[in-house]
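This report concerns only the one structure given below.
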Amino acid sequence: MFYDIFNSFLKQTDPEVAHQLAIKFLKTNIIPFDLFKFKPHEKLRSKVFGIEFENPIGLAAGFDKNAEVYNSIYKLGFGYVEVGTITPKPQEGNSKPRVFRLNQDKAIINRLGFPNEGMEKIFNRIANNLNNGILGINIGPNKENATKNDDYLICLEKFYDQADYIAINISSPNTPNLRSLHDKEKIINLIDAILNFRNQNEKIKPIIFKLSPNIDISEINNLSEIFLDKKIDGLILTNTSIEGKEDLFDENKREAGGLSGSPINLVSNKVILNFYKNLRGKIPIIGVGGVNDGKTAYEKIKCGANLVQLYTSMVFKGPYVASNINKELVELLKQDGLKNISEAVGINAN
């Protein structure tokens, strides 16, 4: 009951203020979150990127931007957490207001622009807060360096030993020119620079690329060829969308920024399916966009995602959404006669 009252209050509050309060709430540990955590189930265990995941549901980057509460988030039933996006230097991001709830559409539009405390402060925070689960670290460039490789390499070197995997964000629509890194020459140069750094290290950490949903089939085919040729470790499909707002109902649909939540579910599924048809399991995929229950998570997996992430649905459905999805996934696997979640990956591509 306490949570219901608190959650109702958050939904009536400015989105960024509500987010700050949620972070503070998770820091307090005043509720025994473990009581609500879904107990591990053998059907949901899988090995992806060489890492053993207890379940496939992760919290996407954007919620725990400054790596403040990842250990509390694990307790909510998430199999892994991705923090960030983190840039080399601290930055405020774009001017406020910059986050808008679309309650009628179960969606959010944001134009945050990578606000974060910078890599030095966040690195020290992680160093002083021993990680109790699988931690992904999402990195990006400062606004003035959006089309350069330098900032990625600086952050990569800084966080390489701390992360279980590192996500390269080239797809936020809120940093001008960032999505130009999808262009053939630029992405090849970026991949080469990153893999050159990794290959000089004794430890091999998975480095995966987060892409835009706003790409057509020819771009997907071209990028697939590059990724297969370069043998990258994985993809996150997809980031927020700048398209698809015209059919929404909430008046906030007119706001500029990236759209997330239920309206981009089918868009991201299509991108996942088309990539999977090209990659055929050679490059693992994390599916993101519109995951809010077992059915939507399962559909992404059947389209070709090995793992999934969510964020917006936690805003609308509360902190136990991951545990609820895991329960529903177990039942869906039983209905389909599947022994393990990995058997469902890419079924829709057959």
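Naming scheme: A, B, ... for chains in displayed order of the structure tokens; residues 1 onward per chain; ligands 1 onward as shown.
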
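The residues of region 205-282 of chain A that DSSP classifies as strand (DSSP E or B), using the backbone of this structure, are A:Ile207, A:Ile208, A:Phe209, A:Lys210, A:Leu211, A:Gly234, A:Leu235, A:Ile236, A:Leu237, A:Ser241, A:Gly258, A:Leu259, A:Ser260, A:Gly261.
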
*Name all residues at most 12 Å from Ser323 (chain A) (count only C-alpha atoms; drop same-chain ones fewer than 5 positions away) and give them as a PyMOL selection string.*
chain A and resi 33-41+44+54-59+73-79+292-294+314+317-318+328-330

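Excluding Asn71 (chain A) and any residue on its chain fewer than 4 positions from it, the residues at most 10 Å away by only C-alpha atoms are Leu26, Lys27, Ala67, Lys75, Leu76, Tyr80, Val81, Asn129, Leu130, Asn131, Asn132, Gly133, Ile134 and Leu135 of chain A.
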
Quick one: everything within 7 Å of Ser241 (chain A), counting only C-alpha atoms, minus sequence neighbours fewer than 3 positions away in the same chain. Send it as a PDB file with N, CA and C atoms, in the first residue's frame.
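What landed in part02.pdb:
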ATOM      1  N   PRO A 213      16.003   2.974 -34.128  1.00  0.00           N
ATOM      2  CA  PRO A 213      14.934   2.236 -34.805  1.00  0.00           C
ATOM      3  C   PRO A 213      14.587   2.833 -36.162  1.00  0.00           C
ATOM      4  N   ASN A 214      15.083   4.043 -36.403  1.00  0.00           N
ATOM      5  CA  ASN A 214      14.687   4.780 -37.610  1.00  0.00           C
ATOM      6  C   ASN A 214      15.663   4.523 -38.755  1.00  0.00           C
ATOM      7  N   GLY A 258      13.015  11.895 -28.331  1.00  0.00           N
ATOM      8  CA  GLY A 258      12.879  10.481 -28.638  1.00  0.00           C
ATOM      9  C   GLY A 258      11.688   9.863 -27.939  1.00  0.00           C
ATOM     10  N   LEU A 259      10.917   9.101 -28.694  1.00  0.00           N
ATOM     11  CA  LEU A 259       9.722   8.426 -28.183  1.00  0.00           C
ATOM     12  C   LEU A 259      10.070   7.031 -27.695  1.00  0.00           C
ATOM     13  N   SER A 260       9.600   6.686 -26.495  1.00  0.00           N
ATOM     14  CA  SER A 260       9.799   5.338 -25.951  1.00  0.00           C
ATOM     15  C   SER A 260       8.473   4.812 -25.418  1.00  0.00           C
TER      16      SER A 260
END

Notebook entry, point to check: If you run DSSP on the backbone, which residues of region 212-321 of chain A are alpha helix (DSSP H), as a ChimeraX atom specification?
Noted result: /A:217-230,265-279,294-303,312-317,321

Expressed in Å, the length from CA of Gly136 (chain A) to CA of Gly244 (chain A) is 28.8 Å

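For the choices A:Pro141, A:Gly290, A:Gly346, A:Pro263, the atom-to-atom distance to Leu102 (chain A) is smallest for A:Pro263 when using only C-alpha atoms.
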
The distance between CA of Ser212 (chain A) and CA of Ile242 (chain A) is 9.3 Å

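Going from CA of Asn174 (chain A) to CA of Thr240 (chain A) covers 9.6 Å.
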
Write out as a compact mmCIF listing (two decimals) with C-alpha atoms, in the first residue's frame each polymer residue whose atoms come within 9 Å of Leu153 (chain A), counting only C-alpha atoms; drop sequence neighbours fewer than 5 positions from it.
# COMPACT_ATOMS: atom_id res chain seq x y z
CA LYS A 158 38.07 4.12 -18.03
CA ALA A 193 39.13 1.89 -33.15
CA ILE A 194 37.15 0.13 -30.42
CA PHE A 197 41.64 -1.05 -28.07

Show me, as a PyMOL selection string, the residues that have an atom within 8 Å of Pro88 (chain A) when counting only C-alpha atoms, minus same-chain residues fewer than 4 positions from it. chain A and resi 118-120+141-142+151+154-155

Resulting file, chosen residues, C-alpha atoms, as a compact mmCIF listing (two decimals), in the first residue's frame:
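Dumped to part_33.txt:
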# COMPACT_ATOMS: atom_id res chain seq x y z
CA GLY A 118 30.95 12.58 -15.91
CA MET A 119 33.15 9.51 -15.98
CA GLU A 120 35.51 10.35 -13.11
CA PRO A 141 30.36 11.46 -26.37
CA ASN A 142 30.03 14.92 -24.95
CA ASP A 151 35.19 10.25 -26.26
CA ILE A 154 38.31 7.62 -23.31
CA CYS A 155 35.25 6.15 -21.57

Under the rule of at most 12 Å, produce a per-residue listing of region 69-179 of chain A near region 227-236 of chain A: chain, number, name, the closest pair of atoms, and the distance in Å, as CSV, using only C-alpha atoms.
residue,atom,partner,partner_atom,distance
A:Glu82,CA,A:Ile236,CA,11.3
A:Gly136,CA,A:Ile236,CA,11.6
A:Asn138,CA,A:Ile236,CA,10.8
A:Tyr165,CA,A:Asp233,CA,9.7
A:Ile166,CA,A:Gly234,CA,10.1
A:Ala167,CA,A:Ile236,CA,8.0
A:Ile168,CA,A:Ile236,CA,9.2
A:Asn169,CA,A:Ile236,CA,9.1
A:Ile170,CA,A:Ile236,CA,10.6
A:Ser171,CA,A:Ile236,CA,10.0
